[in-house]
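Reproduced below: coords.csv, with CSV, C-alpha atoms.
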chain,number,residue,atom,x,y,z
A,1,MET,CA,-2.9,26.4,-5.0
A,2,SER,CA,-1.7,27.5,-1.6
A,3,GLU,CA,-4.1,28.0,1.2
A,4,GLU,CA,-3.2,31.7,1.5
A,5,ALA,CA,-4.5,32.2,-2.1
A,6,VAL,CA,-8.0,31.0,-1.1
A,7,SER,CA,-10.2,33.9,-0.1
A,8,GLY,CA,-13.6,34.2,1.7
A,9,ARG,CA,-15.2,36.3,-1.0
A,10,ILE,CA,-18.7,35.4,-2.2
A,11,VAL,CA,-19.4,37.5,-5.3
A,12,THR,CA,-16.8,36.6,-7.9
A,13,VAL,CA,-17.0,35.8,-11.6
A,14,PRO,CA,-16.4,32.1,-11.1
A,15,ASN,CA,-18.9,31.9,-8.2
A,16,VAL,CA,-21.6,33.6,-10.4
A,17,ILE,CA,-21.0,30.9,-13.0
A,18,SER,CA,-21.3,28.2,-10.4
A,19,PHE,CA,-24.6,29.7,-9.2
A,20,ILE,CA,-25.9,29.8,-12.7
A,21,ARG,CA,-25.0,26.2,-13.2
A,22,LEU,CA,-26.9,25.4,-9.9
A,23,ALA,CA,-29.9,27.3,-11.0
A,24,ALA,CA,-29.9,25.3,-14.3
A,25,VAL,CA,-30.7,22.1,-12.3
A,26,PRO,CA,-34.4,22.8,-11.4
A,27,TYR,CA,-34.9,24.3,-14.9
A,28,PHE,CA,-33.6,21.0,-16.3
A,29,TRP,CA,-36.1,19.0,-14.2
A,30,TRP,CA,-39.0,21.3,-15.4
A,31,LEU,CA,-38.0,21.0,-19.1
A,32,VAL,CA,-38.0,17.2,-19.1
A,33,LEU,CA,-40.8,16.3,-16.6
A,34,GLY,CA,-43.0,19.4,-17.0
A,35,GLU,CA,-42.6,20.3,-20.6
A,36,ASP,CA,-41.4,17.1,-22.2
A,37,ALA,CA,-38.8,19.3,-23.9
A,38,VAL,CA,-36.0,16.8,-24.1
A,39,GLY,CA,-34.2,18.6,-26.9
A,40,THR,CA,-34.0,21.9,-24.9
A,41,ALA,CA,-33.1,20.0,-21.7
A,42,THR,CA,-30.2,18.3,-23.6
A,43,ILE,CA,-28.9,21.7,-24.6
A,44,VAL,CA,-29.0,22.9,-21.0
A,45,TYR,CA,-27.2,19.7,-19.9
A,46,VAL,CA,-24.5,20.1,-22.5
A,47,ILE,CA,-24.0,23.8,-21.6
A,48,VAL,CA,-23.6,22.9,-17.9
A,49,ALA,CA,-21.3,20.0,-18.8
A,50,CYS,CA,-19.1,22.2,-21.0
A,51,THR,CA,-18.8,24.8,-18.4
A,52,ASP,CA,-17.7,22.3,-15.8
A,53,TRP,CA,-14.1,23.5,-16.2
A,54,LEU,CA,-14.8,27.1,-16.7
A,55,ASP,CA,-15.4,28.3,-13.2
A,56,GLY,CA,-12.3,26.6,-11.9
A,57,PHE,CA,-10.2,27.9,-14.8
A,58,LEU,CA,-11.4,31.5,-14.3
A,59,ALA,CA,-10.9,31.2,-10.5
A,60,ARG,CA,-7.2,30.4,-11.0
A,61,ARG,CA,-6.8,32.8,-14.0
A,62,LEU,CA,-8.3,35.8,-12.2
A,63,GLY,CA,-6.9,35.0,-8.8
A,64,GLN,CA,-10.5,34.5,-7.5
A,65,VAL,CA,-10.2,31.1,-5.8
A,66,THR,CA,-12.6,31.1,-2.8
A,67,ARG,CA,-13.8,28.7,-0.2
A,68,LEU,CA,-17.3,29.1,-1.4
A,69,GLY,CA,-16.3,28.4,-5.0
A,70,LYS,CA,-14.3,25.3,-4.1
A,71,ALA,CA,-17.5,23.9,-2.4
A,72,LEU,CA,-20.0,25.1,-5.1
A,73,ASP,CA,-18.1,23.6,-8.1
A,74,PRO,CA,-18.3,19.9,-7.2
A,75,VAL,CA,-21.9,20.4,-5.8
A,76,ALA,CA,-23.0,21.8,-9.2
A,77,ASP,CA,-21.4,18.9,-11.0
A,78,ARG,CA,-22.9,16.3,-8.8
A,79,LEU,CA,-26.4,17.8,-8.8
A,80,MET,CA,-26.5,18.1,-12.5
A,81,ILE,CA,-25.2,14.5,-13.1
A,82,ALA,CA,-27.6,13.1,-10.4
A,83,SER,CA,-30.5,15.1,-11.8
A,84,ALA,CA,-29.9,13.9,-15.4
A,85,ILE,CA,-29.7,10.3,-14.2
A,86,VAL,CA,-32.8,10.4,-12.0
A,87,VAL,CA,-34.9,12.4,-14.5
A,88,GLY,CA,-33.6,10.2,-17.2
A,89,LEU,CA,-34.7,7.1,-15.3
A,90,ILE,CA,-38.2,8.6,-14.7
A,91,ALA,CA,-38.6,9.6,-18.3
A,92,ASP,CA,-37.1,6.3,-19.7
A,93,ILE,CA,-34.2,8.2,-21.3
A,94,VAL,CA,-31.3,6.6,-19.3
A,95,PRO,CA,-31.1,2.8,-19.3
A,96,PRO,CA,-31.7,1.3,-15.7
A,97,LEU,CA,-28.4,-0.6,-15.9
A,98,ILE,CA,-26.4,2.7,-16.4
A,99,GLY,CA,-28.6,4.9,-14.2
A,100,TRP,CA,-28.9,2.6,-11.1
A,101,ALA,CA,-25.2,1.7,-11.1
A,102,LEU,CA,-24.3,5.4,-11.1
A,103,ILE,CA,-26.8,6.2,-8.3
A,104,VAL,CA,-25.4,3.4,-6.1
A,105,ARG,CA,-21.8,4.7,-6.8
A,106,GLU,CA,-22.8,8.3,-5.9
A,107,ALA,CA,-24.5,7.1,-2.7
A,108,TYR,CA,-21.4,5.1,-1.8
A,109,MET,CA,-19.2,8.1,-2.3
A,110,ALA,CA,-21.6,10.3,-0.3
A,111,VAL,CA,-21.2,7.9,2.7
A,112,ILE,CA,-17.4,8.2,2.4
A,113,THR,CA,-17.6,12.0,2.1
A,114,LEU,CA,-19.9,12.3,5.1
A,115,THR,CA,-17.8,10.0,7.2
A,116,LEU,CA,-14.7,12.1,6.6
A,117,ALA,CA,-16.6,15.3,7.3
A,118,GLY,CA,-17.9,13.8,10.5
A,119,ARG,CA,-14.3,13.1,11.6
A,120,GLY,CA,-13.3,16.7,10.9
A,121,SER,CA,-11.2,15.7,7.9
A,122,LYS,CA,-10.7,17.8,4.8
A,123,PRO,CA,-12.4,16.6,1.6
A,124,LEU,CA,-10.7,13.9,-0.6
A,125,GLU,CA,-8.3,15.3,-3.2
A,126,VAL,CA,-9.8,14.9,-6.7
A,127,ARG,CA,-7.9,12.4,-8.8
A,128,ARG,CA,-7.1,12.9,-12.5
A,129,LEU,CA,-8.9,9.6,-13.3
A,130,GLY,CA,-11.9,10.9,-11.4
A,131,LYS,CA,-12.0,13.9,-13.7
A,132,LEU,CA,-11.8,11.7,-16.7
A,133,ALA,CA,-14.5,9.4,-15.4
A,134,THR,CA,-16.8,12.4,-14.7
A,135,PHE,CA,-16.2,13.6,-18.3
A,136,VAL,CA,-17.0,10.2,-19.8
A,137,VAL,CA,-20.1,9.9,-17.6
A,138,TYR,CA,-21.2,13.4,-18.6
A,139,SER,CA,-20.8,12.4,-22.2
A,140,SER,CA,-22.7,9.1,-22.0
A,141,ILE,CA,-25.7,10.6,-20.2
A,142,GLY,CA,-25.8,13.5,-22.6
A,143,TRP,CA,-25.7,11.1,-25.6
A,144,PHE,CA,-28.6,9.1,-24.1
A,145,TYR,CA,-30.6,12.3,-24.0
A,146,MET,CA,-29.7,13.1,-27.6
A,147,VAL,CA,-30.8,9.5,-28.5
A,148,ALA,CA,-34.2,10.5,-27.3
A,149,ILE,CA,-34.3,12.9,-30.3
A,150,PRO,CA,-35.5,10.5,-33.0
A,151,PHE,CA,-33.1,11.3,-35.9
A,152,LEU,CA,-30.0,11.0,-33.7
A,153,GLU,CA,-30.8,7.6,-32.3
A,154,VAL,CA,-29.1,5.5,-34.9
A,155,ILE,CA,-25.9,7.5,-34.8
A,156,LEU,CA,-25.6,8.1,-31.0
A,157,LEU,CA,-27.1,5.0,-29.4
A,158,PRO,CA,-23.9,2.9,-29.8
A,159,LEU,CA,-21.7,5.8,-28.6
A,160,ALA,CA,-24.0,6.3,-25.6
A,161,TRP,CA,-23.8,2.7,-24.5
A,162,MET,CA,-20.0,2.4,-25.1
A,163,ALA,CA,-19.3,5.6,-23.1
A,164,GLY,CA,-21.8,4.6,-20.4
A,165,LEU,CA,-20.2,1.2,-19.8
A,166,VAL,CA,-16.6,2.7,-20.0
A,167,GLY,CA,-17.8,5.4,-17.6
A,168,LEU,CA,-19.2,2.9,-15.2
A,169,VAL,CA,-15.9,1.0,-15.1
A,170,LEU,CA,-13.8,4.2,-14.6
A,171,TYR,CA,-16.3,5.6,-12.0
A,172,TRP,CA,-16.2,2.4,-9.8
A,173,LEU,CA,-12.4,2.1,-10.2
A,174,VAL,CA,-12.0,5.7,-8.9
A,175,ALA,CA,-14.4,4.8,-6.1
A,176,VAL,CA,-12.1,2.0,-5.0
A,177,GLN,CA,-9.1,4.4,-5.1
A,178,TYR,CA,-11.0,7.0,-3.1
A,179,THR,CA,-11.8,4.3,-0.6
A,180,GLY,CA,-8.1,3.7,-0.1
A,181,ASP,CA,-7.5,7.4,0.2
A,182,ALA,CA,-10.3,7.7,2.9
A,183,ARG,CA,-8.9,4.8,4.9
A,184,ARG,CA,-5.4,6.4,4.9
A,185,ILE,CA,-6.9,9.7,6.1
A,186,LEU,CA,-8.9,8.0,8.8
A,187,ALA,CA,-5.9,6.0,9.9
A,188,GLY,CA,-3.9,9.2,10.1
A,189,LEU,CA,-6.6,10.8,12.2
A,190,LYS,CA,-6.6,7.9,14.7
A,191,SER,CA,-2.8,8.0,15.1
A,192,SER,CA,-2.6,11.8,15.4
A,193,PRO,CA,-1.6,13.3,18.8
A,194,THR,CA,-4.9,15.2,19.1
A,195,SER,CA,-6.9,12.0,18.8
A,196,GLN,CA,-4.7,10.2,21.3
A,197,GLU,CA,-5.1,13.0,23.8
A,198,SER,CA,-8.8,13.1,23.5
A,199,ALA,CA,-9.1,9.3,23.7

Go ahead and render the structure in this file as structure tokens.
Amino acid sequence: MSEEAVSGRIVTVPNVISFIRLAAVPYFWWLVLGEDAVGTATIVYVIVACTDWLDGFLARRLGQVTRLGKALDPVADRLMIASAIVVGLIADIVPPLIGWALIVREAYMAVITLTLAGRGSKPLEVRRLGKLATFVVYSSIGWFYMVAIPFLEVILLPLAWMAGLVGLVLYWLVAVQYTGDARRILAGLKSSPTSQESA
């Protein structure tokens, strides 16, 4: 998508969807920790996960790609995943091995993102493998929540563990790739004429 096609509009159909996904995050916390309604929380999580692609698809389809939307979409994704992990750890839904490994990875990527932002760099380009890893992680966390529903445990527990371990491998592999991307960006900034003039 060219830079000229990105607008500064705020109220668009894709942005409204992103806002709804963001609003679902505190509702999700309340359902699990306040109401112990794991089943309903799982439905909310699945809906948010399934609409992960919808706002971006509509933005391109309707010609409503905006700067706000490009920022909101990944924030909604990360907040929902992080919330499901943290709440799942608190409520003994997500296994510590899976939950803590994902939290450390997210913290690591946050450091990289903030470092690039502090240097005035644009965000990292999302990799296809990163999208696949996010999908697998979404699936595994969702299945662990479904496992908390008694009659689904026998069926979904093996799938949850398998997807969780595969998701961890993919997530950390992508983190290594993003590390390389960040190093190249930072090296480019250091060697740019602007940085040399200001040095």

Taking (-14.4, 29.5, -12.3) as a centre in this file's frame and 10 Å as the limit, can you find every polymer residue with an atom that close, using only C-alpha atoms, and give them as a PDB file with C-alpha atoms, in the coordinates of the input?
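As a result, result_8.pdb now contains:
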ATOM      1  CA  THR A  12     -16.800  36.600  -7.900  1.00  0.00           C
ATOM      2  CA  VAL A  13     -17.000  35.800 -11.600  1.00  0.00           C
ATOM      3  CA  PRO A  14     -16.400  32.100 -11.100  1.00  0.00           C
ATOM      4  CA  ASN A  15     -18.900  31.900  -8.200  1.00  0.00           C
ATOM      5  CA  VAL A  16     -21.600  33.600 -10.400  1.00  0.00           C
ATOM      6  CA  ILE A  17     -21.000  30.900 -13.000  1.00  0.00           C
ATOM      7  CA  SER A  18     -21.300  28.200 -10.400  1.00  0.00           C
ATOM      8  CA  THR A  51     -18.800  24.800 -18.400  1.00  0.00           C
ATOM      9  CA  ASP A  52     -17.700  22.300 -15.800  1.00  0.00           C
ATOM     10  CA  TRP A  53     -14.100  23.500 -16.200  1.00  0.00           C
ATOM     11  CA  LEU A  54     -14.800  27.100 -16.700  1.00  0.00           C
ATOM     12  CA  ASP A  55     -15.400  28.300 -13.200  1.00  0.00           C
ATOM     13  CA  GLY A  56     -12.300  26.600 -11.900  1.00  0.00           C
ATOM     14  CA  PHE A  57     -10.200  27.900 -14.800  1.00  0.00           C
ATOM     15  CA  LEU A  58     -11.400  31.500 -14.300  1.00  0.00           C
ATOM     16  CA  ALA A  59     -10.900  31.200 -10.500  1.00  0.00           C
ATOM     17  CA  ARG A  60      -7.200  30.400 -11.000  1.00  0.00           C
ATOM     18  CA  ARG A  61      -6.800  32.800 -14.000  1.00  0.00           C
ATOM     19  CA  LEU A  62      -8.300  35.800 -12.200  1.00  0.00           C
ATOM     20  CA  GLY A  63      -6.900  35.000  -8.800  1.00  0.00           C
ATOM     21  CA  GLN A  64     -10.500  34.500  -7.500  1.00  0.00           C
ATOM     22  CA  VAL A  65     -10.200  31.100  -5.800  1.00  0.00           C
ATOM     23  CA  THR A  66     -12.600  31.100  -2.800  1.00  0.00           C
ATOM     24  CA  GLY A  69     -16.300  28.400  -5.000  1.00  0.00           C
ATOM     25  CA  LYS A  70     -14.300  25.300  -4.100  1.00  0.00           C
ATOM     26  CA  ASP A  73     -18.100  23.600  -8.100  1.00  0.00           C
TER      27      ASP A  73
END

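You can rank A:Ala101, A:Leu79, A:Leu165, A:Val87 by their closest distance to A:Trp30 using only C-alpha atoms, and at the top of that list sits A:Val87.
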
| query | When you draw a straight line from atom CA of A:Val111 to atom CA of A:Tyr178, how long is it in Å? | reply | 11.8 Å

What's the 12 Å shell around stretch 33-47 of chain A, counting all atoms listed in the file, without same-chain residues fewer than 3 positions away, as a short mmCIF file (atom, residue, chain, number, x, y, z; two decimals) with C-alpha atoms, in the coordinates of the input?
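Written output follows (around39.cif):
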data_model
loop_
_atom_site.label_atom_id
_atom_site.label_comp_id
_atom_site.auth_asym_id
_atom_site.auth_seq_id
_atom_site.Cartn_x
_atom_site.Cartn_y
_atom_site.Cartn_z
CA ILE A 17 -21.00 30.90 -13.00
CA ILE A 20 -25.90 29.80 -12.70
CA ARG A 21 -25.00 26.20 -13.20
CA LEU A 22 -26.90 25.40 -9.90
CA ALA A 23 -29.90 27.30 -11.00
CA ALA A 24 -29.90 25.30 -14.30
CA VAL A 25 -30.70 22.10 -12.30
CA PRO A 26 -34.40 22.80 -11.40
CA TYR A 27 -34.90 24.30 -14.90
CA PHE A 28 -33.60 21.00 -16.30
CA TRP A 29 -36.10 19.00 -14.20
CA TRP A 30 -39.00 21.30 -15.40
CA CYS A 50 -19.10 22.20 -21.00
CA THR A 51 -18.80 24.80 -18.40
CA ASP A 52 -17.70 22.30 -15.80
CA TRP A 53 -14.10 23.50 -16.20
CA LEU A 54 -14.80 27.10 -16.70
CA ALA A 76 -23.00 21.80 -9.20
CA ASP A 77 -21.40 18.90 -11.00
CA LEU A 79 -26.40 17.80 -8.80
CA MET A 80 -26.50 18.10 -12.50
CA ILE A 81 -25.20 14.50 -13.10
CA ALA A 82 -27.60 13.10 -10.40
CA SER A 83 -30.50 15.10 -11.80
CA ALA A 84 -29.90 13.90 -15.40
CA ILE A 85 -29.70 10.30 -14.20
CA VAL A 86 -32.80 10.40 -12.00
CA VAL A 87 -34.90 12.40 -14.50
CA GLY A 88 -33.60 10.20 -17.20
CA LEU A 89 -34.70 7.10 -15.30
CA ILE A 90 -38.20 8.60 -14.70
CA ALA A 91 -38.60 9.60 -18.30
CA ASP A 92 -37.10 6.30 -19.70
CA ILE A 93 -34.20 8.20 -21.30
CA PHE A 135 -16.20 13.60 -18.30
CA TYR A 138 -21.20 13.40 -18.60
CA SER A 139 -20.80 12.40 -22.20
CA SER A 140 -22.70 9.10 -22.00
CA ILE A 141 -25.70 10.60 -20.20
CA GLY A 142 -25.80 13.50 -22.60
CA TRP A 143 -25.70 11.10 -25.60
CA PHE A 144 -28.60 9.10 -24.10
CA TYR A 145 -30.60 12.30 -24.00
CA MET A 146 -29.70 13.10 -27.60
CA VAL A 147 -30.80 9.50 -28.50
CA ALA A 148 -34.20 10.50 -27.30
CA ILE A 149 -34.30 12.90 -30.30
CA PRO A 150 -35.50 10.50 -33.00
CA PHE A 151 -33.10 11.30 -35.90
CA LEU A 152 -30.00 11.00 -33.70
#

| message | Just checking: using all atoms listed in the file, which residue out of A:Leu132, A:Tyr108, A:Arg184, A:Val94 ends up closest to A:Gly164? | response |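 The answer is A:Val94, which sits nearest to A:Gly164.
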
With all atoms listed in the file counted, which protein, DNA or RNA residues have an atom no more than 12 Å from (-18.5, -0.9, -13.4) in the file frame? Please answer as a CSV table (one decimal) with C-alpha atoms, in the coordinates of the input.
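This is the output file out-v8.csv:
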chain,number,residue,atom,x,y,z
A,97,LEU,CA,-28.4,-0.6,-15.9
A,98,ILE,CA,-26.4,2.7,-16.4
A,99,GLY,CA,-28.6,4.9,-14.2
A,100,TRP,CA,-28.9,2.6,-11.1
A,101,ALA,CA,-25.2,1.7,-11.1
A,102,LEU,CA,-24.3,5.4,-11.1
A,104,VAL,CA,-25.4,3.4,-6.1
A,105,ARG,CA,-21.8,4.7,-6.8
A,133,ALA,CA,-14.5,9.4,-15.4
A,137,VAL,CA,-20.1,9.9,-17.6
A,163,ALA,CA,-19.3,5.6,-23.1
A,164,GLY,CA,-21.8,4.6,-20.4
A,165,LEU,CA,-20.2,1.2,-19.8
A,166,VAL,CA,-16.6,2.7,-20.0
A,167,GLY,CA,-17.8,5.4,-17.6
A,168,LEU,CA,-19.2,2.9,-15.2
A,169,VAL,CA,-15.9,1.0,-15.1
A,170,LEU,CA,-13.8,4.2,-14.6
A,171,TYR,CA,-16.3,5.6,-12.0
A,172,TRP,CA,-16.2,2.4,-9.8
A,173,LEU,CA,-12.4,2.1,-10.2
A,174,VAL,CA,-12.0,5.7,-8.9
A,175,ALA,CA,-14.4,4.8,-6.1
A,176,VAL,CA,-12.1,2.0,-5.0

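Atom CA of A:Leu68 is positioned 9.5 Å from atom CA of A:Val11.
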
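We find atom CA of A:Pro123 and atom CA of A:Phe19 to be spaced 20.9 Å apart.
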
| field | Selected residue, from A:Met162, A:Val32, A:Ala110, A:Val48, that lies nearest to A:Leu124 when counting all atoms listed in the file | value |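 The closest residue to A:Leu124 is A:Ala110.
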